[in-house]
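**Student:** File follows, entry-v6.cif with mmCIF, C-alpha atoms:
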```cif
data_coords
loop_
_atom_site.label_atom_id
_atom_site.label_comp_id
_atom_site.auth_asym_id
_atom_site.auth_seq_id
_atom_site.Cartn_x
_atom_site.Cartn_y
_atom_site.Cartn_z
CA MET U 52 -277.17 117.65 124.71
CA ASN U 53 -274.36 116.47 122.51
CA ILE U 54 -271.79 117.89 124.90
CA LEU U 55 -273.42 116.27 127.92
CA LYS U 56 -273.52 112.96 126.06
CA LYS U 57 -269.82 113.32 125.23
CA ILE U 58 -268.92 113.90 128.87
CA PHE U 59 -271.12 111.08 130.12
CA ASP U 60 -269.45 108.90 127.50
CA GLY U 61 -266.04 109.66 128.99
CA ILE U 62 -267.17 109.21 132.58
CA TRP U 63 -269.27 106.08 132.24
CA THR U 64 -270.00 104.41 128.87
CA ASN U 65 -266.43 104.55 127.60
CA ASN U 66 -264.59 105.21 130.86
CA PRO U 67 -260.93 105.14 129.80
CA VAL U 68 -259.79 103.13 132.83
CA LEU U 69 -262.66 100.86 133.82
CA ILE U 70 -264.14 100.05 130.38
CA VAL U 71 -261.38 100.63 127.82
CA LEU U 72 -258.73 99.40 130.32
CA LEU U 73 -256.10 102.05 129.57
CA GLY U 74 -253.79 104.03 131.82
CA PHE U 75 -253.50 101.57 134.69
CA CYS U 76 -250.02 102.65 135.76
CA PRO U 77 -250.79 106.18 137.01
CA THR U 78 -254.18 105.04 138.30
CA LEU U 79 -252.55 102.46 140.56
CA ALA U 80 -249.47 104.43 141.48
CA VAL U 81 -250.73 107.84 142.56
CA SER U 82 -253.96 106.78 144.27
CA THR U 83 -252.54 106.64 147.80
CA SER U 84 -254.17 109.97 148.67
CA LEU U 85 -257.04 111.93 147.18
CA LYS U 86 -254.91 115.08 146.86
CA ASP U 87 -252.33 113.37 144.64
CA ALA U 88 -255.08 111.68 142.63
CA ILE U 89 -256.81 114.97 141.85
CA GLY U 90 -253.48 116.54 140.93
CA MET U 91 -252.68 113.66 138.58
CA GLY U 92 -256.21 113.73 137.11
CA PHE U 93 -256.08 117.42 136.31
CA SER U 94 -252.56 117.18 134.85
CA ALA U 95 -253.76 114.44 132.52
CA LEU U 96 -256.92 116.44 131.75
CA PHE U 97 -254.79 119.45 130.75
CA VAL U 98 -252.53 117.33 128.54
CA LEU U 99 -255.52 115.60 126.95
CA ILE U 100 -257.28 118.88 126.11
CA GLY U 101 -254.10 120.48 124.77
CA SER U 102 -252.94 117.54 122.70
CA ASN U 103 -256.44 116.83 121.35
CA LEU U 104 -256.85 120.46 120.25
CA VAL U 105 -253.44 120.74 118.56
CA ILE U 106 -253.56 117.33 116.91
CA SER U 107 -257.04 118.04 115.62
CA ALA U 108 -255.91 121.42 114.27
CA LEU U 109 -252.94 119.80 112.52
CA ARG U 110 -254.81 116.79 111.20
CA LYS U 111 -255.02 118.04 107.61
CA PHE U 112 -251.30 118.86 107.43
CA THR U 113 -250.03 115.69 109.08
CA PRO U 114 -248.85 113.06 106.60
CA GLU U 115 -250.27 109.61 107.39
CA LYS U 116 -246.82 108.04 107.85
CA MET U 117 -245.46 110.80 110.08
CA ARG U 118 -248.42 110.92 112.43
CA ILE U 119 -246.98 108.96 115.35
CA PRO U 120 -243.82 111.09 115.78
CA VAL U 121 -246.00 114.20 115.44
CA PHE U 122 -248.36 112.94 118.15
CA ILE U 123 -245.44 112.13 120.42
CA ILE U 124 -243.90 115.59 120.05
CA VAL U 125 -247.20 117.38 120.63
CA ILE U 126 -248.02 115.29 123.70
CA ALA U 127 -244.48 115.57 125.09
CA THR U 128 -244.63 119.36 124.71
CA PHE U 129 -247.76 119.59 126.82
CA VAL U 130 -246.36 117.18 129.38
CA THR U 131 -243.25 119.34 129.71
CA ILE U 132 -245.49 122.40 130.24
CA VAL U 133 -247.38 120.61 133.03
CA ASP U 134 -244.12 119.37 134.55
CA LEU U 135 -242.63 122.86 134.72
CA LEU U 136 -245.87 124.47 135.95
CA LEU U 137 -246.22 121.96 138.78
CA TYR U 138 -242.56 122.38 139.65
CA ALA U 139 -242.96 126.15 139.88
CA TYR U 140 -246.32 126.48 141.64
CA PHE U 141 -247.17 123.14 143.31
CA PHE U 142 -243.82 121.82 144.45
CA PRO U 143 -245.06 119.29 147.07
CA LEU U 144 -247.46 117.77 144.53
CA HIS U 145 -244.67 117.62 141.93
CA LYS U 146 -242.55 115.75 144.45
CA SER U 147 -245.19 113.16 145.35
CA LEU U 148 -246.23 112.52 141.73
CA GLY U 149 -242.56 112.12 140.84
CA VAL U 150 -241.74 110.12 137.74
CA PHE U 151 -245.40 109.77 136.82
CA ILE U 152 -245.62 113.32 135.44
CA PRO U 153 -243.14 112.76 132.59
CA LEU U 154 -244.74 109.35 132.12
CA ILE U 155 -248.01 110.98 131.02
CA VAL U 156 -246.24 110.98 127.63
CA VAL U 157 -246.66 107.23 127.34
CA ASN U 158 -250.08 107.20 129.00
CA CYS U 159 -252.14 105.17 126.55
CA ILE U 160 -255.26 107.27 127.23
CA VAL U 161 -253.70 110.40 125.73
CA PHE U 162 -252.18 108.54 122.81
CA GLY U 163 -255.33 106.50 122.23
CA ARG U 164 -257.56 109.59 122.02
CA ALA U 165 -255.11 111.29 119.65
CA GLU U 166 -255.09 108.29 117.33
CA ALA U 167 -258.74 107.26 117.60
CA PHE U 168 -260.50 110.61 117.86
CA ALA U 169 -258.57 113.87 117.51
CA SER U 170 -256.83 112.93 114.25
CA LYS U 171 -260.21 112.33 112.60
CA ASN U 172 -262.53 114.99 114.08
CA GLY U 173 -262.89 118.76 114.29
CA MET U 174 -261.44 120.93 117.03
CA MET U 175 -264.65 121.51 119.03
CA ASP U 176 -265.50 117.80 119.13
CA SER U 177 -261.93 116.95 120.10
CA LEU U 178 -262.00 119.55 122.87
CA TRP U 179 -265.11 117.99 124.43
CA ASP U 180 -263.74 114.51 123.89
CA GLY U 181 -260.61 115.52 125.78
CA ILE U 182 -262.65 117.03 128.62
CA GLY U 183 -264.91 113.97 128.88
CA MET U 184 -262.07 111.46 128.86
CA GLY U 185 -259.98 113.56 131.24
CA LEU U 186 -262.88 113.85 133.68
CA GLY U 187 -263.52 110.11 133.42
CA PHE U 188 -259.88 109.46 134.31
CA THR U 189 -259.90 112.03 137.13
CA LEU U 190 -263.11 110.63 138.62
CA THR U 191 -261.96 107.01 138.49
CA ILE U 192 -258.60 107.75 140.08
CA SER U 193 -260.28 109.96 142.72
CA VAL U 194 -262.77 107.25 143.70
CA LEU U 195 -259.97 104.69 143.96
CA ALA U 196 -257.84 107.10 145.99
CA SER U 197 -260.74 107.95 148.34
CA ILE U 198 -261.36 104.28 149.08
CA ARG U 199 -257.68 103.64 149.70
CA GLU U 200 -257.13 106.75 151.80
CA ILE U 201 -260.21 106.20 153.99
CA LEU U 202 -259.50 102.52 154.56
CA GLY U 203 -255.75 102.69 154.83
CA ASN U 204 -255.25 105.93 156.69
CA GLY U 205 -258.63 106.92 158.13
CA THR U 206 -258.37 110.31 156.43
CA LEU U 207 -259.76 112.09 153.39
CA MET U 208 -257.82 115.01 151.86
CA GLY U 209 -255.64 114.77 154.96
CA ILE U 210 -258.58 115.34 157.34
CA SER U 211 -259.04 112.65 159.97
CA LEU U 212 -262.47 111.02 159.73
CA PHE U 213 -262.78 108.53 162.56
CA GLY U 214 -260.66 110.00 165.33
CA GLN U 215 -257.87 108.31 167.24
CA SER U 216 -259.58 104.96 167.93
CA TYR U 217 -259.61 103.90 164.25
CA SER U 218 -257.01 101.30 163.41
CA PRO U 219 -256.29 101.59 159.68
CA VAL U 220 -256.38 98.71 157.18
CA ILE U 221 -252.78 99.29 156.17
CA ILE U 222 -252.87 96.97 153.17
CA ALA U 223 -255.15 99.42 151.34
CA ILE U 224 -252.43 102.05 151.21
CA LEU U 225 -249.67 99.57 150.22
CA PRO U 226 -249.10 98.48 146.60
CA PRO U 227 -251.14 95.22 146.88
CA GLY U 228 -254.13 97.25 148.07
CA ALA U 229 -254.06 99.30 144.87
CA PHE U 230 -254.38 96.19 142.73
CA LEU U 231 -257.06 94.59 144.90
CA THR U 232 -259.21 97.74 145.12
CA LEU U 233 -258.98 98.43 141.38
CA GLY U 234 -259.85 94.79 140.63
CA LEU U 235 -262.92 94.99 142.82
CA MET U 236 -263.92 98.29 141.20
CA LEU U 237 -263.63 96.73 137.73
CA GLY U 238 -265.77 93.79 138.84
CA GLY U 239 -268.33 96.11 140.41
CA MET U 240 -268.52 98.22 137.25
CA ASN U 241 -269.08 95.10 135.14
CA ARG U 242 -271.78 93.89 137.51
CA ILE U 243 -273.67 97.23 137.32
CA ASN U 244 -273.43 97.29 133.53
CA MET U 245 -274.69 93.69 133.40
CA ALA U 246 -277.66 94.63 135.59
CA ILE U 247 -278.46 97.59 133.31
CA ASP U 248 -278.27 95.34 130.25
CA GLU U 249 -280.56 92.76 131.86
CA LYS U 250 -283.10 95.42 132.75
CA LYS U 251 -283.04 96.74 129.20
CA LYS U 252 -283.57 93.25 127.81
CA ALA U 253 -286.36 92.52 130.26
CA LYS U 254 -288.06 95.76 129.31
CA GLU U 255 -287.81 94.97 125.59
CA LYS U 256 -289.19 91.49 126.21
CA ALA U 257 -292.11 92.84 128.23
CA GLU U 258 -292.90 95.33 125.48
CA LYS U 259 -292.82 92.60 122.86
CA GLU U 260 -295.16 90.43 124.87
CA LYS U 261 -297.52 93.32 125.42
CA ALA U 262 -297.60 93.92 121.68
CA LYS U 263 -298.27 90.22 121.10
CA GLN U 264 -301.14 90.19 123.57
CA LEU U 265 -302.58 93.28 121.99
CA LYS U 266 -302.38 91.64 118.56
CA ALA U 267 -304.01 88.46 119.89
CA SER U 268 -306.81 90.38 121.56
CA VAL U 269 -307.41 92.38 118.38
CA ALA U 270 -307.55 89.15 116.36
CA ASN U 271 -309.93 87.54 118.85
CA GLY U 272 -312.11 90.57 119.20
CA MET X 253 -219.31 95.78 145.01
CA VAL X 254 -221.66 94.92 147.88
CA LYS X 255 -223.59 98.07 147.11
CA LEU X 256 -224.08 96.95 143.51
CA ILE X 257 -225.36 93.52 144.56
CA ILE X 258 -227.79 95.18 146.95
CA LEU X 259 -228.92 97.50 144.17
CA ALA X 260 -229.51 94.50 141.89
CA ILE X 261 -231.56 92.57 144.46
CA ASP X 262 -233.51 95.68 145.36
CA SER X 263 -234.53 96.50 141.80
CA MET X 264 -235.22 92.86 140.93
CA LEU X 265 -237.36 91.81 143.88
CA ILE X 266 -237.97 94.37 146.59
CA SER X 267 -238.92 97.35 144.44
CA ASN X 268 -240.17 95.17 141.60
CA ILE X 269 -240.93 97.41 138.65
CA VAL X 270 -244.44 96.08 138.02
CA LEU X 271 -245.69 94.96 141.40
CA MET X 272 -244.21 97.66 143.59
CA ARG X 273 -243.52 100.63 141.30
CA PHE X 274 -246.59 100.18 139.04
CA LEU X 275 -244.83 100.65 135.73
CA GLY X 276 -245.69 98.73 132.58
CA ILE X 277 -249.04 97.40 133.74
CA CYS X 278 -250.67 97.56 130.29
CA PRO X 279 -248.39 95.00 128.58
CA TYR X 280 -248.28 93.10 131.87
CA ILE X 281 -252.02 92.46 131.62
CA GLY X 282 -252.12 92.36 127.83
CA VAL X 283 -249.28 89.97 126.88
CA SER X 284 -249.55 87.49 129.74
CA LYS X 285 -252.08 84.95 128.49
CA LYS X 286 -249.39 82.39 127.66
CA GLN X 287 -246.07 81.68 129.33
CA GLU X 288 -244.20 81.58 126.00
CA THR X 289 -245.27 85.05 124.90
CA ALA X 290 -244.72 86.36 128.41
CA ALA X 291 -241.13 85.12 128.37
CA GLY X 292 -240.61 86.67 124.90
CA MET X 293 -241.92 90.01 126.09
CA GLY X 294 -239.77 89.79 129.22
CA PHE X 295 -236.55 89.21 127.29
CA ALA X 296 -237.40 91.95 124.80
CA VAL X 297 -237.94 94.35 127.72
CA ILE X 298 -234.56 93.47 129.27
CA PHE X 299 -232.79 94.03 125.95
CA VAL X 300 -234.42 97.35 125.11
CA MET X 301 -234.32 98.59 128.69
CA VAL X 302 -230.53 98.27 128.97
CA MET X 303 -229.93 99.85 125.56
CA ALA X 304 -232.38 102.70 126.12
CA THR X 305 -231.14 103.50 129.62
CA LEU X 306 -227.49 103.63 128.55
CA ILE X 307 -228.17 105.76 125.47
CA SER X 308 -230.38 108.20 127.37
CA PHE X 309 -227.73 108.28 130.12
CA PHE X 310 -225.10 109.42 127.64
CA ILE X 311 -227.46 111.94 126.07
CA GLN X 312 -228.28 113.44 129.45
CA LYS X 313 -224.66 113.62 130.62
CA GLY X 314 -223.12 114.49 127.27
CA ILE X 315 -225.65 116.82 125.66
CA LEU X 316 -228.46 118.00 127.93
CA ASP X 317 -226.46 118.74 131.07
CA PRO X 318 -223.56 120.70 129.49
CA LEU X 319 -226.00 122.76 127.40
CA ASN X 320 -228.40 123.35 130.32
CA LEU X 321 -231.30 121.79 128.44
CA GLY X 322 -232.63 119.63 131.29
CA TYR X 323 -236.21 120.69 130.62
CA LEU X 324 -236.13 118.95 127.23
CA GLN X 325 -235.54 115.59 128.93
CA THR X 326 -239.05 114.18 128.42
CA ILE X 327 -239.26 115.07 124.71
CA VAL X 328 -235.73 113.94 123.89
CA PHE X 329 -235.93 110.64 125.78
CA ILE X 330 -239.23 109.52 124.28
CA LEU X 331 -238.03 110.33 120.76
CA VAL X 332 -234.73 108.55 121.34
CA ILE X 333 -236.54 105.47 122.64
CA ALA X 334 -238.99 105.42 119.73
CA ALA X 335 -236.11 105.75 117.24
CA LEU X 336 -234.02 103.16 119.08
CA VAL X 337 -236.79 100.59 118.95
CA GLN X 338 -237.24 101.14 115.21
CA MET X 339 -233.51 100.84 114.62
CA LEU X 340 -233.23 97.72 116.74
CA GLU X 341 -236.01 96.15 114.71
CA VAL X 342 -234.22 96.81 111.42
CA THR X 343 -230.74 95.79 112.63
CA MET X 344 -232.00 92.69 114.36
CA LYS X 345 -233.77 91.56 111.20
CA LYS X 346 -230.49 91.90 109.26
CA ILE X 347 -227.94 90.65 111.79
CA ALA X 348 -229.77 88.19 114.02
CA PRO X 349 -232.85 86.84 112.27
CA ALA X 350 -233.30 84.09 114.87
CA LEU X 351 -233.47 86.63 117.66
CA PHE X 352 -235.82 88.75 115.56
CA ASP X 353 -238.18 85.81 115.10
CA ALA X 354 -238.28 85.34 118.85
CA LEU X 355 -238.57 88.97 119.98
CA GLY X 356 -239.53 90.89 116.85
CA ILE X 357 -243.28 91.10 117.36
CA TYR X 358 -242.87 92.53 120.85
CA LEU X 359 -240.59 95.38 119.82
CA PRO X 360 -243.24 97.83 118.54
CA LEU X 361 -245.25 97.23 121.72
CA ILE X 362 -242.29 98.29 123.82
CA THR X 363 -242.31 101.93 122.66
CA THR X 364 -245.51 102.48 124.60
CA ASN X 365 -244.26 100.46 127.57
CA CYS X 366 -243.77 103.00 130.31
CA THR X 367 -241.12 100.88 132.04
CA ILE X 368 -238.52 101.86 129.45
CA LEU X 369 -239.01 105.62 129.73
CA GLY X 370 -239.61 105.27 133.47
CA VAL X 371 -236.30 103.51 134.11
CA ALA X 372 -234.42 105.96 131.88
CA ILE X 373 -235.81 108.90 133.87
CA LEU X 374 -235.35 107.19 137.26
CA THR X 375 -231.69 106.55 136.42
CA ILE X 376 -231.15 110.28 135.94
CA GLN X 377 -233.24 111.25 138.99
CA LYS X 378 -231.32 108.90 141.26
CA ASN X 379 -228.01 110.25 139.98
CA PHE X 380 -226.55 106.84 139.16
CA ASN X 381 -223.14 106.50 137.56
CA PHE X 382 -222.54 104.38 134.46
CA ILE X 383 -222.03 101.02 136.23
CA GLU X 384 -224.97 101.58 138.53
CA ALA X 385 -227.17 102.52 135.56
CA LEU X 386 -226.15 99.31 133.81
CA ILE X 387 -226.91 97.14 136.86
CA PHE X 388 -230.12 99.01 137.64
CA SER X 389 -231.60 98.68 134.15
CA PHE X 390 -230.56 95.05 133.71
CA SER X 391 -231.88 93.83 137.05
CA THR X 392 -235.08 95.84 136.70
CA GLY X 393 -235.60 94.06 133.37
CA ILE X 394 -235.03 90.71 135.08
CA GLY X 395 -237.59 91.73 137.69
CA TYR X 396 -240.08 92.42 134.90
CA LEU X 397 -239.40 89.01 133.37
CA ILE X 398 -239.89 87.24 136.71
CA ALA X 399 -243.13 89.08 137.43
CA ILE X 400 -244.70 88.56 134.01
CA TYR X 401 -243.63 84.89 133.77
CA ILE X 402 -245.15 83.95 137.14
CA PHE X 403 -248.27 85.94 136.31
CA ALA X 404 -248.69 84.15 132.96
CA GLY X 405 -248.38 80.80 134.70
CA ILE X 406 -251.20 81.69 137.06
CA ARG X 407 -253.36 83.02 134.24
CA GLU X 408 -252.98 79.81 132.26
CA ARG X 409 -254.55 78.00 135.21
CA LEU X 410 -257.23 80.67 135.62
CA GLU X 411 -258.51 79.73 132.15
CA TRP X 412 -259.88 76.50 133.58
CA SER X 413 -261.38 77.83 136.78
CA ASP X 414 -264.91 78.99 137.37
CA ILE X 415 -264.82 82.77 137.77
CA PRO X 416 -267.94 84.86 138.50
CA LYS X 417 -269.00 86.59 135.30
CA PRO X 418 -268.36 90.23 136.27
CA PHE X 419 -264.80 89.38 137.26
CA GLN X 420 -263.81 87.55 134.09
CA GLY X 421 -260.96 89.08 132.07
CA ALA X 422 -259.10 92.10 133.39
CA ALA X 423 -260.74 92.26 136.83
CA ILE X 424 -259.52 88.86 138.00
CA GLY X 425 -256.17 89.61 136.34
CA ILE X 426 -255.67 92.74 138.44
CA ILE X 427 -256.72 90.95 141.63
CA THR X 428 -254.25 88.16 140.84
CA ALA X 429 -251.57 90.80 140.35
CA GLY X 430 -252.53 92.17 143.76
CA LEU X 431 -251.98 88.80 145.40
CA LEU X 432 -248.63 88.47 143.60
CA SER X 433 -247.72 91.93 144.82
CA LEU X 434 -248.59 90.81 148.33
CA ALA X 435 -246.26 87.84 147.89
CA PHE X 436 -243.46 90.11 146.67
CA PHE X 437 -244.03 92.23 149.74
CA GLY X 438 -242.41 89.40 151.64
CA PHE X 439 -239.06 90.45 150.18
CA THR X 440 -239.20 93.79 152.00
CA GLY X 441 -236.35 94.08 154.44
CA LEU X 442 -234.28 91.42 152.66
CA VAL X 443 -231.57 94.00 152.13
CA LYS X 444 -231.43 97.68 152.95
CA LEU X 445 -230.39 100.14 150.27
#
```
Re-express the file's structure as structure tokens.

**Tutor:**
Amino acid sequence: MNILKKIFDGIWTNNPVLIVLLGFCPTLAVSTSLKDAIGMGFSALFVLIGSNLVISALRKFTPEKMRIPVFIIVIATFVTIVDLLLYAYFFPLHKSLGVFIPLIVVNCIVFGRAEAFASKNGMMDSLWDGIGMGLGFTLTISVLASIREILGNGTLMGISLFGQSYSPVIIAILPPGAFLTLGLMLGGMNRINMAIDEKKKAKEKAEKEKAKQLKASVANG
Amino acid sequence: MVKLIILAIDSMLISNIVLMRFLGICPYIGVSKKQETAAGMGFAVIFVMVMATLISFFIQKGILDPLNLGYLQTIVFILVIAALVQMLEVTMKKIAPALFDALGIYLPLITTNCTILGVAILTIQKNFNFIEALIFSFSTGIGYLIAIYIFAGIRERLEWSDIPKPFQGAAIGIITAGLLSLAFFGFTGLVKL
């Protein structure tokens, strides 16, 4: 229950990209194809889990004033591990992600979770927090990449969807398309959350009125 | 010489760091509500970017490469940049208080600005020599200043326009950046690198 809530929190309620507005750079840059997006998402997920676990384990030994350099070193270590692993086993992916792998170090999502969560909570909680946030990031970037790849290239995971006759909307795959699509996604997310809020309020109001009527009828009767 | 000018124009306009390479989006959205602060941030970025790129250039060529420690690049660069920003803050306060008043508050923000680390790493990846690294980092910084200053100007006007509620705040900001990026796309083909 708690774990599911944690993961849902990362994916929807506190989605690191769409709600907390962190980590825009990799989200925009590597969302030209779903393959790259998933690769980026899982690299960040790995770094998040690793850094959350280690920082949480070290939280009692880390002096308050030294915490930022400690965070940076821990995060950079995991980023280097990912960098070398991708280079050794997934060379094409490493090539297309390029400079954005070392830049996971300055990804505000990783740093933000270290500062806001892992340095204050136990290892198990931090582990699930890392998984939830990492999945939230992966999902967001994958959705964005799917939209861009389908519109701009007519393919998904490199598989052609519409056949030869489809003429792609090239702007979706170009840099402006990344901004426009992400902007529309943000707006859509806000709209859905507003609708949920309104429904909740309407429900509460209806319940209040029901209670009022009940009270009135009791008083009359 | 011609090659250097082309490099400068390319990194300033055609491959603009924010709008084409997607680096430094967080401060781009965060510190662009007013043109004054945007200009301050832009100048601070230029300053730190040149310093950080040159120092990391010397560290790579002088220490990491001869000792075969290339895999430590990420860790070393980010620590050097964090330390550099701290040192700049202290020295600036002592030597140039006027400059510190203008740029000081933006300095801590710059450590987490991925443009700085990004440009330092790109310089190494592209195998630039010293002069090229200098031109590349300086003109990339100028490109950042141009992008954020124009963006802040548009956002100041957005304050007074009637935006649908779900799109208020970051959403309309990103879409505006998209339109700006589209405009910068017009520079493509201006020169060929």

**Student:** Enumerate, in order of chain and increasing residue number, the residues of chain X with an atom no farther than 7 Å from chain U, each with its shortest atom pair and distance in Å to one decimal, counting all atoms listed in the file, as CSV.

**Tutor:**
```
residue,atom,partner,partner_atom,distance
X:Met272,CA,U:Pro226,CA,5.8
X:Phe274,CA,U:Cys76,CA,5.4
X:Leu275,CA,U:Cys76,CA,5.6
X:Gly276,CA,U:Cys76,CA,6.7
X:Ile277,CA,U:Cys76,CA,5.7
X:Cys278,CA,U:Phe75,CA,6.6
X:Thr326,CA,U:Pro153,CA,6.0
X:Ile327,CA,U:Ala127,CA,5.3
X:Thr364,CA,U:Val157,CA,5.6
X:Cys366,CA,U:Val157,CA,5.9
X:Gly370,CA,U:Leu154,CA,6.7
X:Pro418,CA,U:Asn241,CA,5.1
X:Phe419,CA,U:Gly238,CA,4.8
X:Ala423,CA,U:Gly234,CA,4.7
X:Ile424,CA,U:Gly234,CA,6.5
X:Ile426,CA,U:Gly234,CA,5.1
X:Ile427,CA,U:Leu231,CA,4.9
X:Ala429,CA,U:Phe230,CA,6.5
X:Gly430,CA,U:Phe230,CA,4.5
X:Leu431,CA,U:Pro227,CA,6.6
X:Ser433,CA,U:Pro227,CA,5.2
X:Leu434,CA,U:Pro227,CA,5.3
```

**Student:** Rank nothing, just name the residue among U:Asp176, U:Glu115, U:Glu255, U:Asp87 nearest to Phe142 in chain U, using all atoms listed in the file.

**Tutor:**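 Using all atoms listed in the file, Phe142 in chain U sits closest to U:Asp87.
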
**Student:** Taking into account all atoms listed in the file, which residue in the set U:Met174, U:Leu85, U:Ala270, U:Ala165 is nearest to Ser197 in chain U?

**Tutor:**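 Smallest separation from Ser197 in chain U among the options: U:Leu85.
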
**Student:** I need the output of the PyMOL selection byres ((chain X and resi 436) around 9) for this file as a ChimeraX atom specification; which residues are they?

**Tutor:** /X:265-268,271-272,431-435,437-440

**Student:** Quick one: which residues end up in the PyMOL selection byres ((chain U and resi 198-203) around 8) for this structure, as a list in words?

**Tutor:**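 Taken on the displayed file, the PyMOL selection byres ((chain U and resi 198-203) around 8) yields the residues Ser82, Thr83, Ser84, Leu85, Val194, Leu195, Ala196, Ser197, Asn204, Gly205, Thr206, Leu207, Leu212, Pro219, Val220, Ile221, Ile222, Ala223, Ile224, Gly228, Ala229 and Thr232 of chain U.
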
**Student:** What does the distance from CA of Arg409 in chain X to CA of Gly421 in chain X come to in Å, to one decimal?

**Tutor:** 13.2 Å

**Student:** Excluding range 401-406 of chain X and its own-chain neighbours fewer than 3 positions away, which residues fall within 6 Å of it when counting all atoms listed in the file? Please give them as an mmCIF file with C-alpha atoms, in the coordinates of the input.

**Tutor:**
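To be explicit, this is the file written out as result22.cif:
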```cif
data_model
loop_
_atom_site.group_PDB
_atom_site.id
_atom_site.type_symbol
_atom_site.label_atom_id
_atom_site.label_comp_id
_atom_site.auth_asym_id
_atom_site.auth_seq_id
_atom_site.Cartn_x
_atom_site.Cartn_y
_atom_site.Cartn_z
ATOM 1 C CA SER X 284 -249.550 87.490 129.740
ATOM 2 C CA LYS X 285 -252.080 84.950 128.490
ATOM 3 C CA LYS X 286 -249.390 82.390 127.660
ATOM 4 C CA GLN X 287 -246.070 81.680 129.330
ATOM 5 C CA ALA X 290 -244.720 86.360 128.410
ATOM 6 C CA ALA X 291 -241.130 85.120 128.370
ATOM 7 C CA LEU X 397 -239.400 89.010 133.370
ATOM 8 C CA ILE X 398 -239.890 87.240 136.710
ATOM 9 C CA ARG X 409 -254.550 78.000 135.210
#
```

**Student:** What does the distance from CA of Lys254 in chain U to CA of Lys266 in chain U come to in Å, to one decimal?

**Tutor:**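 Distance reported for this atom pair: 18.4 Å.
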
**Student:** Report, as lines of an AutoDock Vina configuration file, the axis-aligned box around all atoms of range 132-140 of chain U present in the file, extended by 3 Å on each side; give centre and edge lengths in Å to one decimal place.

**Tutor:**
```
center_x = -245.0
center_y = 122.9
center_z = 135.9
size_x = 10.8
size_y = 13.1
size_z = 17.4
```

**Student:** Skip Gly185 in chain U itself and residues of its chain fewer than 4 positions away, then list as a ChimeraX atom specification all residues within 10 Å of it, counting only C-alpha atoms.

**Tutor:** /U:58,61-62,66-67,92-100,160-161,179-181,189-191

**Student:** Here's the selection I'm unsure about, the PyMOL selection byres ((chain X and resi 443) around 9); applied to the file above, which residues does it give, as a list in words?

**Tutor:**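 So the PyMOL selection byres ((chain X and resi 443) around 9), applied here, picks out Ile258, Ile261, Asp262, Ile266, Phe439, Thr440, Gly441, Leu442, Lys444 and Leu445 of chain X.
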
**Student:** May I have the residues within 9 Å of Phe310 in chain X as a PDB file with C-alpha atoms, in the coordinates of the input, using only C-alpha atoms and disregarding those fewer than 5 positions away in the same chain?

**Tutor:**
```pdb
ATOM      1  CA  THR X 305    -231.140 103.500 129.620  1.00  0.00           C
ATOM      2  CA  ILE X 315    -225.650 116.820 125.660  1.00  0.00           C
ATOM      3  CA  PHE X 382    -222.540 104.380 134.460  1.00  0.00           C
TER       4      PHE X 382
END
```

**Student:** To one decimal place in Å, what is the distance between CA of Leu321 in chain X and CA of Val337 in chain X?

**Tutor:** 23.9 Å
